[in-house]
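Student: Contents are mmCIF, C-alpha atoms and all ligand atoms; file name structure_2.cif:
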```cif
data_model
#
loop_
_atom_site.label_atom_id
_atom_site.label_comp_id
_atom_site.auth_asym_id
_atom_site.auth_seq_id
_atom_site.Cartn_x
_atom_site.Cartn_y
_atom_site.Cartn_z
CA MET A 1 -15.37 -25.88 -25.76
CA LYS A 2 -13.61 -29.09 -24.62
CA GLU A 3 -14.74 -28.34 -21.07
CA LYS A 4 -18.31 -27.86 -22.25
CA ILE A 5 -18.27 -31.16 -24.13
CA LEU A 6 -17.08 -33.00 -21.00
CA GLU A 7 -19.78 -31.24 -18.99
CA MET A 8 -22.41 -32.39 -21.50
CA GLU A 9 -21.15 -35.98 -21.28
CA GLU A 10 -21.53 -35.82 -17.49
CA TYR A 11 -25.00 -34.26 -17.73
CA ALA A 12 -26.08 -36.98 -20.17
CA ALA A 13 -24.84 -39.75 -17.88
CA GLU A 14 -26.58 -38.19 -14.87
CA HIS A 15 -29.87 -37.55 -16.63
CA ASN A 16 -29.98 -40.66 -18.81
CA VAL A 17 -29.81 -38.75 -22.08
CA PRO A 18 -28.85 -41.18 -24.86
CA ILE A 19 -26.11 -39.14 -26.57
CA ILE A 20 -24.14 -40.67 -29.41
CA GLU A 21 -21.07 -42.83 -28.73
CA LYS A 22 -17.70 -41.11 -29.07
CA LYS A 23 -16.55 -43.40 -31.87
CA SER A 24 -19.71 -42.73 -33.86
CA ILE A 25 -19.51 -38.96 -33.62
CA ALA A 26 -15.80 -39.06 -34.50
CA PHE A 27 -16.76 -41.12 -37.59
CA ILE A 28 -19.45 -38.58 -38.56
CA MET A 29 -17.16 -35.58 -38.02
CA LYS A 30 -14.58 -37.15 -40.33
CA PHE A 31 -17.34 -37.96 -42.83
CA ILE A 32 -18.44 -34.29 -42.81
CA LYS A 33 -14.89 -33.16 -43.61
CA ASP A 34 -14.14 -35.87 -46.20
CA ASN A 35 -17.37 -35.21 -48.08
CA ASN A 36 -17.31 -31.43 -47.72
CA ILE A 37 -20.75 -31.38 -46.11
CA LYS A 38 -22.12 -27.84 -45.69
CA ASN A 39 -25.68 -28.24 -44.44
CA VAL A 40 -26.82 -30.81 -41.92
CA LEU A 41 -30.34 -31.61 -40.73
CA GLU A 42 -30.48 -33.55 -37.48
CA ILE A 43 -33.62 -35.26 -36.20
CA GLY A 44 -33.29 -35.55 -32.40
CA SER A 45 -31.02 -32.90 -30.81
CA ALA A 46 -31.35 -33.98 -27.18
CA ILE A 47 -28.99 -31.59 -25.32
CA GLY A 48 -27.03 -30.64 -28.44
CA TYR A 49 -24.03 -32.94 -28.01
CA SER A 50 -23.88 -34.40 -31.54
CA THR A 51 -25.20 -31.09 -32.93
CA ILE A 52 -22.33 -29.09 -31.44
CA LEU A 53 -19.68 -31.58 -32.49
CA MET A 54 -20.98 -31.74 -36.06
CA ALA A 55 -21.12 -27.93 -36.26
CA SER A 56 -17.55 -27.65 -35.02
CA SER A 57 -16.15 -30.30 -37.35
CA LYS A 58 -15.30 -27.66 -39.96
CA ASP A 59 -15.69 -23.90 -40.56
CA ASP A 60 -18.37 -23.90 -43.22
CA VAL A 61 -20.90 -26.36 -41.88
CA TYR A 62 -24.34 -25.37 -40.59
CA VAL A 63 -26.73 -27.54 -38.62
CA THR A 64 -30.51 -27.40 -38.28
CA THR A 65 -31.64 -29.70 -35.49
CA ILE A 66 -35.12 -30.69 -34.29
CA GLU A 67 -36.12 -31.64 -30.73
CA ARG A 68 -39.62 -32.20 -29.31
CA ASP A 69 -38.79 -32.40 -25.60
CA GLU A 70 -38.89 -28.98 -23.93
CA THR A 71 -36.30 -29.59 -21.22
CA ARG A 72 -33.80 -31.01 -23.70
CA TYR A 73 -34.51 -28.25 -26.22
CA MET A 74 -33.78 -25.58 -23.55
CA GLU A 75 -30.63 -27.41 -22.50
CA CYS A 76 -29.57 -27.64 -26.14
CA LEU A 77 -30.07 -23.90 -26.73
CA LYS A 78 -28.04 -23.13 -23.62
CA ASN A 79 -25.18 -25.39 -24.69
CA VAL A 80 -25.13 -24.03 -28.26
CA LYS A 81 -24.84 -20.47 -26.88
CA ALA A 82 -22.17 -21.46 -24.38
CA CYS A 83 -20.09 -22.88 -27.24
CA GLY A 84 -20.59 -19.69 -29.28
CA LEU A 85 -22.19 -21.65 -32.10
CA ASP A 86 -25.57 -19.90 -32.38
CA LYS A 87 -24.65 -18.59 -35.86
CA LYS A 88 -24.02 -22.13 -37.12
CA ILE A 89 -26.83 -24.01 -35.38
CA ASN A 90 -30.58 -23.56 -35.69
CA VAL A 91 -32.53 -25.43 -33.02
CA VAL A 92 -36.19 -26.14 -33.79
CA TYR A 93 -38.56 -27.03 -30.94
CA GLN A 94 -41.19 -29.29 -32.51
CA ASP A 95 -42.06 -32.89 -33.26
CA ALA A 96 -40.07 -33.66 -36.40
CA LEU A 97 -43.10 -35.36 -37.95
CA ASP A 98 -45.06 -32.08 -37.64
CA VAL A 99 -42.31 -29.75 -38.88
CA ASN A 100 -42.97 -27.90 -42.12
CA LEU A 101 -39.66 -27.18 -43.81
CA SER A 102 -39.56 -24.80 -46.74
CA ASN A 103 -39.52 -26.85 -49.97
CA ASP A 104 -36.39 -25.21 -51.27
CA LEU A 105 -34.28 -26.20 -48.26
CA LYS A 106 -31.72 -28.86 -49.14
CA PHE A 107 -29.27 -30.66 -46.86
CA ASP A 108 -26.07 -32.53 -47.79
CA LEU A 109 -26.45 -34.70 -44.73
CA ILE A 110 -29.54 -35.77 -42.79
CA PHE A 111 -28.76 -37.40 -39.47
CA ILE A 112 -31.60 -39.50 -38.05
CA ASP A 113 -31.26 -40.03 -34.30
CA ALA A 114 -34.75 -39.54 -32.76
CA ALA A 115 -37.45 -42.07 -31.75
CA LYS A 116 -36.14 -45.43 -33.00
CA GLY A 117 -39.65 -46.74 -33.68
CA GLN A 118 -40.23 -43.97 -36.24
CA TYR A 119 -37.08 -44.22 -38.32
CA THR A 120 -38.90 -45.23 -41.51
CA LYS A 121 -41.30 -42.30 -41.14
CA PHE A 122 -38.42 -39.83 -40.66
CA PHE A 123 -36.61 -41.26 -43.69
CA GLU A 124 -39.70 -41.05 -45.91
CA LYS A 125 -40.52 -37.51 -44.80
CA PHE A 126 -37.07 -35.96 -44.95
CA LYS A 127 -35.60 -37.65 -48.06
CA TYR A 128 -37.23 -34.84 -50.10
CA PHE A 129 -34.90 -32.37 -48.38
CA LEU A 130 -31.73 -34.17 -49.40
CA SER A 131 -29.42 -32.46 -51.90
CA ASP A 132 -28.66 -34.36 -55.13
CA ASN A 133 -25.63 -36.21 -53.82
CA GLY A 134 -26.65 -36.06 -50.18
CA PHE A 135 -26.38 -38.71 -47.46
CA ILE A 136 -28.75 -39.98 -44.80
CA ILE A 137 -26.94 -41.30 -41.73
CA THR A 138 -28.89 -43.22 -39.09
CA ASP A 139 -27.62 -43.94 -35.57
CA ASN A 140 -28.33 -46.94 -33.32
CA VAL A 141 -29.09 -49.44 -36.09
CA LYS A 142 -27.64 -52.19 -33.85
CA PHE A 143 -29.55 -50.99 -30.77
CA HIS A 144 -27.28 -52.47 -28.09
CA GLY A 145 -26.81 -55.63 -30.13
CA TYR A 146 -30.50 -56.58 -29.97
CA VAL A 147 -31.18 -55.90 -33.64
CA GLY A 148 -31.40 -59.20 -35.53
CA ARG A 149 -32.23 -61.07 -32.31
CA SER A 150 -35.73 -59.79 -31.54
CA ASP A 151 -37.10 -63.37 -31.57
CA GLU A 152 -35.04 -64.12 -28.45
CA LEU A 153 -36.67 -61.26 -26.51
CA GLU A 154 -39.69 -61.56 -24.22
CA LYS A 155 -42.84 -59.83 -25.46
CA GLY A 156 -42.84 -56.17 -24.45
CA ASN A 157 -41.73 -52.67 -25.32
CA LEU A 158 -38.12 -53.60 -25.99
CA LYS A 159 -39.07 -56.42 -28.37
CA SER A 160 -41.50 -54.25 -30.30
CA LEU A 161 -38.95 -51.42 -30.56
CA VAL A 162 -36.23 -53.80 -31.78
CA LYS A 163 -38.70 -55.25 -34.30
CA LYS A 164 -39.32 -51.73 -35.62
CA ILE A 165 -35.59 -51.10 -36.07
CA GLU A 166 -35.32 -54.46 -37.87
CA GLY A 167 -38.20 -53.31 -40.06
CA TYR A 168 -36.28 -50.11 -40.84
CA ILE A 169 -33.18 -52.10 -41.80
CA ASP A 170 -35.26 -54.27 -44.15
CA PHE A 171 -36.76 -51.10 -45.58
CA LEU A 172 -33.23 -49.77 -46.27
CA LYS A 173 -31.94 -53.08 -47.68
CA ASN A 174 -34.89 -53.44 -50.05
CA ASN A 175 -35.12 -49.78 -51.01
CA GLY A 176 -35.54 -49.08 -54.71
CA GLU A 177 -34.38 -45.50 -54.41
CA PHE A 178 -31.43 -45.63 -51.98
CA ASP A 179 -28.34 -47.79 -51.48
CA THR A 180 -27.33 -48.27 -47.86
CA LYS A 181 -24.12 -49.39 -46.21
CA PHE A 182 -23.99 -50.48 -42.58
CA TYR A 183 -21.04 -49.69 -40.31
CA ASP A 184 -20.14 -51.55 -37.14
CA VAL A 185 -19.18 -48.37 -35.28
CA GLY A 186 -20.53 -47.55 -31.82
CA ASP A 187 -24.19 -48.59 -31.65
CA GLY A 188 -24.26 -49.13 -35.43
CA LEU A 189 -24.49 -46.51 -38.18
CA SER A 190 -25.96 -46.69 -41.66
CA ILE A 191 -25.26 -44.40 -44.60
CA SER A 192 -27.80 -44.17 -47.42
CA VAL A 193 -27.28 -42.50 -50.81
CA ARG A 194 -29.58 -42.16 -53.82
CA LYS A 195 -28.98 -44.85 -56.44
CA ASN A 196 -27.41 -43.67 -59.68
CA GLU A 197 -29.97 -43.25 -62.44
CA GLU A 198 -28.55 -45.13 -65.38
N1 LIG A 201 -28.50 -36.70 -31.34
C1 LIG A 201 -28.34 -36.63 -29.88
C2 LIG A 201 -29.15 -37.70 -29.16
C3 LIG A 201 -30.59 -37.71 -29.49
S1 LIG A 201 -31.52 -38.73 -28.38
C4 LIG A 201 -26.87 -36.81 -29.56
O1 LIG A 201 -26.30 -37.79 -30.03
O2 LIG A 201 -26.30 -36.00 -28.84
C5 LIG A 201 -33.04 -38.70 -29.22
C6 LIG A 201 -33.82 -37.41 -29.02
O3 LIG A 201 -34.84 -37.38 -30.02
C7 LIG A 201 -34.52 -37.28 -27.67
O4 LIG A 201 -34.09 -36.12 -27.03
C8 LIG A 201 -36.01 -37.19 -28.03
O5 LIG A 201 -36.73 -36.28 -27.23
C9 LIG A 201 -35.97 -36.73 -29.47
N2 LIG A 201 -37.11 -37.15 -30.29
C10 LIG A 201 -37.68 -38.38 -30.35
N3 LIG A 201 -38.66 -38.39 -31.26
C11 LIG A 201 -38.73 -37.14 -31.79
C12 LIG A 201 -39.55 -36.53 -32.77
N4 LIG A 201 -40.53 -37.22 -33.38
N5 LIG A 201 -39.32 -35.24 -33.09
C13 LIG A 201 -38.33 -34.54 -32.45
N6 LIG A 201 -37.54 -35.06 -31.51
C14 LIG A 201 -37.72 -36.35 -31.19
MG MG A 202 -28.18 -42.18 -31.10
#
```
Now that the file is in, can you turn its structure into structure tokens?

Tutor:
Amino acid sequence: MKEKILEMEEYAAEHNVPIIEKKSIAFIMKFIKDNNIKNVLEIGSAIGYSTILMASSKDDVYVTTIERDETRYMECLKNVKACGLDKKINVVYQDALDVNLSNDLKFDLIFIDAAKGQYTKFFEKFKYFLSDNGFIITDNVKFHGYVGRSDELEKGNLKSLVKKIEGYIDFLKNNGEFDTKFYDVGDGLSISVRKNEE
């Protein structure tokens, strides 16, 4: 398993796959244990790196993960099998915005880590699949330190992407339904929970 993880890190570096930072996944694995998370939904599997580490963070945790890129999906399946985790991980090959999940599925943790420009859409679609006291964790909310500094960037794809992430952060900060905390770990993580009804 350790070998396989190292191999995946090398593959990601070689093929420019943006896998999560080590500090961030360590933070999430601890979070899964501390909060006794049992069911995780991940948006954006890539090659299965974060998926496999989340699934191995404790015995009774199961991960459903969605990936739209065929090559990465195949690589993910292969890695999940190689780690002997196919009973704990369900890999779905589809665009997350087109996926139809059964209405009675509920997840204790939803991990958003797919197209950064669509974060708000993912949040709005998948919040209905969160269990009562569930958490939504989002990765890359700092986006290499550009977030909050989009005005300094030249017009172009990077600027418009950073602006979208800034829009997502505003959406979280001004959300009537969820409270969000931001963590300066790795490329920036946020954790959102439903507000208490009082
Ligand atoms: N969570 C992974 C990294 C994911 S990288 C890890 O840390 O190991 C983001 C992935 O999301 C890419 O592989 C990309 O193909 C996928 N993706 C982007 N938009 C998507 C969408 N709308 N639906 C499904 N997958 C998407
Ligand atoms: Mg990420």

Student: Between A:Glu75, A:Asp86, A:Asp34, A:Asp139, single out the one closest to ligand MG 202 (chain A), counting all atoms listed in the file.

Tutor: A:Asp139

Student: Mind giving me the straight-line distance from atom CA of Leu158 of chain A to atom CA of Ala13 of chain A in Å, one decimal?

Tutor: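 That distance, rounded to one decimal, is 20.8 Å.
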
Student: Nearest residue to Asp132 of chain A out of A:Val147, A:Asn90, A:Arg194, A:Leu172, using all atoms listed in the file?

Tutor: A:Arg194

Student: Go through the chains and note each residue within 7 Å of ligand MG 202 (chain A), using only C-alpha atoms and all ligand atoms, then give the set as a list of chain:residue names.

Tutor: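 Listing the residues within 7 Å of ligand MG 202 (chain A) gives A:Pro18, A:Ile19, A:Ile20, A:Asp113, A:Asp139, A:Asn140.
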
Student: Pick out the residues sitting within 10 Å of Glu166 of chain A, and hand them over as a list of chain:residue names; count only C-alpha atoms, and ignore anything fewer than 4 positions along from it in its own chain.

Tutor: A:Gly117, A:Val141, A:Lys142, A:Phe143, A:Tyr146, A:Val147, A:Gly148, A:Arg149, A:Ser150, A:Ser160, A:Leu161, A:Val162, A:Asp170, A:Phe171, A:Leu172

Student: Mind dumping a table of every chain A residue within 6 Å of ligand LIG 201 (chain A), with the nearest atom pair and its distance in Å to one decimal, using all atoms listed in the file, sorted by chain and rising number, as a tab-separated table?

Tutor:
```
residue	atom	partner	partner_atom	distance
A:Pro18	CA	A:LIG201	S1	5.1
A:Ile19	CA	A:LIG201	O1	3.7
A:Ile20	CA	A:LIG201	O1	3.7
A:Gly44	CA	A:LIG201	O3	3.4
A:Ser45	CA	A:LIG201	N1	4.6
A:Ala46	CA	A:LIG201	O4	3.5
A:Gly48	CA	A:LIG201	O2	5.4
A:Tyr49	CA	A:LIG201	O2	3.9
A:Ser50	CA	A:LIG201	O2	4.0
A:Ile66	CA	A:LIG201	C13	5.3
A:Glu67	CA	A:LIG201	N6	3.8
A:Arg68	CA	A:LIG201	C13	4.1
A:Asp69	CA	A:LIG201	O5	4.7
A:Gln94	CA	A:LIG201	C13	6.0
A:Asp95	CA	A:LIG201	N5	3.6
A:Ala96	CA	A:LIG201	N5	3.7
A:Leu97	CA	A:LIG201	N4	5.6
A:Asp113	CA	A:LIG201	N1	5.2
A:Ala114	CA	A:LIG201	O3	3.5
A:Ala115	CA	A:LIG201	N3	3.9
```

Student: Would you mind reading off the distance between atom CA of Ser102 of chain A and atom CA of Tyr128 of chain A, one decimal, in Å?

Tutor: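 Those two atoms sit 10.8 Å apart.
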
Student: Restricting the calculation to all atoms listed in the file: of A:Val99, A:Ile47, A:Ile37, A:Ile28, which residue gets closest to Ser190 of chain A?

Tutor: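 Nearest candidate to Ser190 of chain A out of A:Val99, A:Ile47, A:Ile37, A:Ile28: A:Ile28.
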
Student: Which distance in Å separates atom CA of Lys4 of chain A and atom CA of Val91 of chain A, to one decimal?

Tutor: 18.0 Å

Student: I'd like to know which of A:Ile43, A:Gly167, A:Met29, A:Glu9 is closest to Lys125 of chain A, using all atoms listed in the file.

Tutor: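 Among the listed residues, the smallest separation from Lys125 of chain A belongs to A:Ile43.
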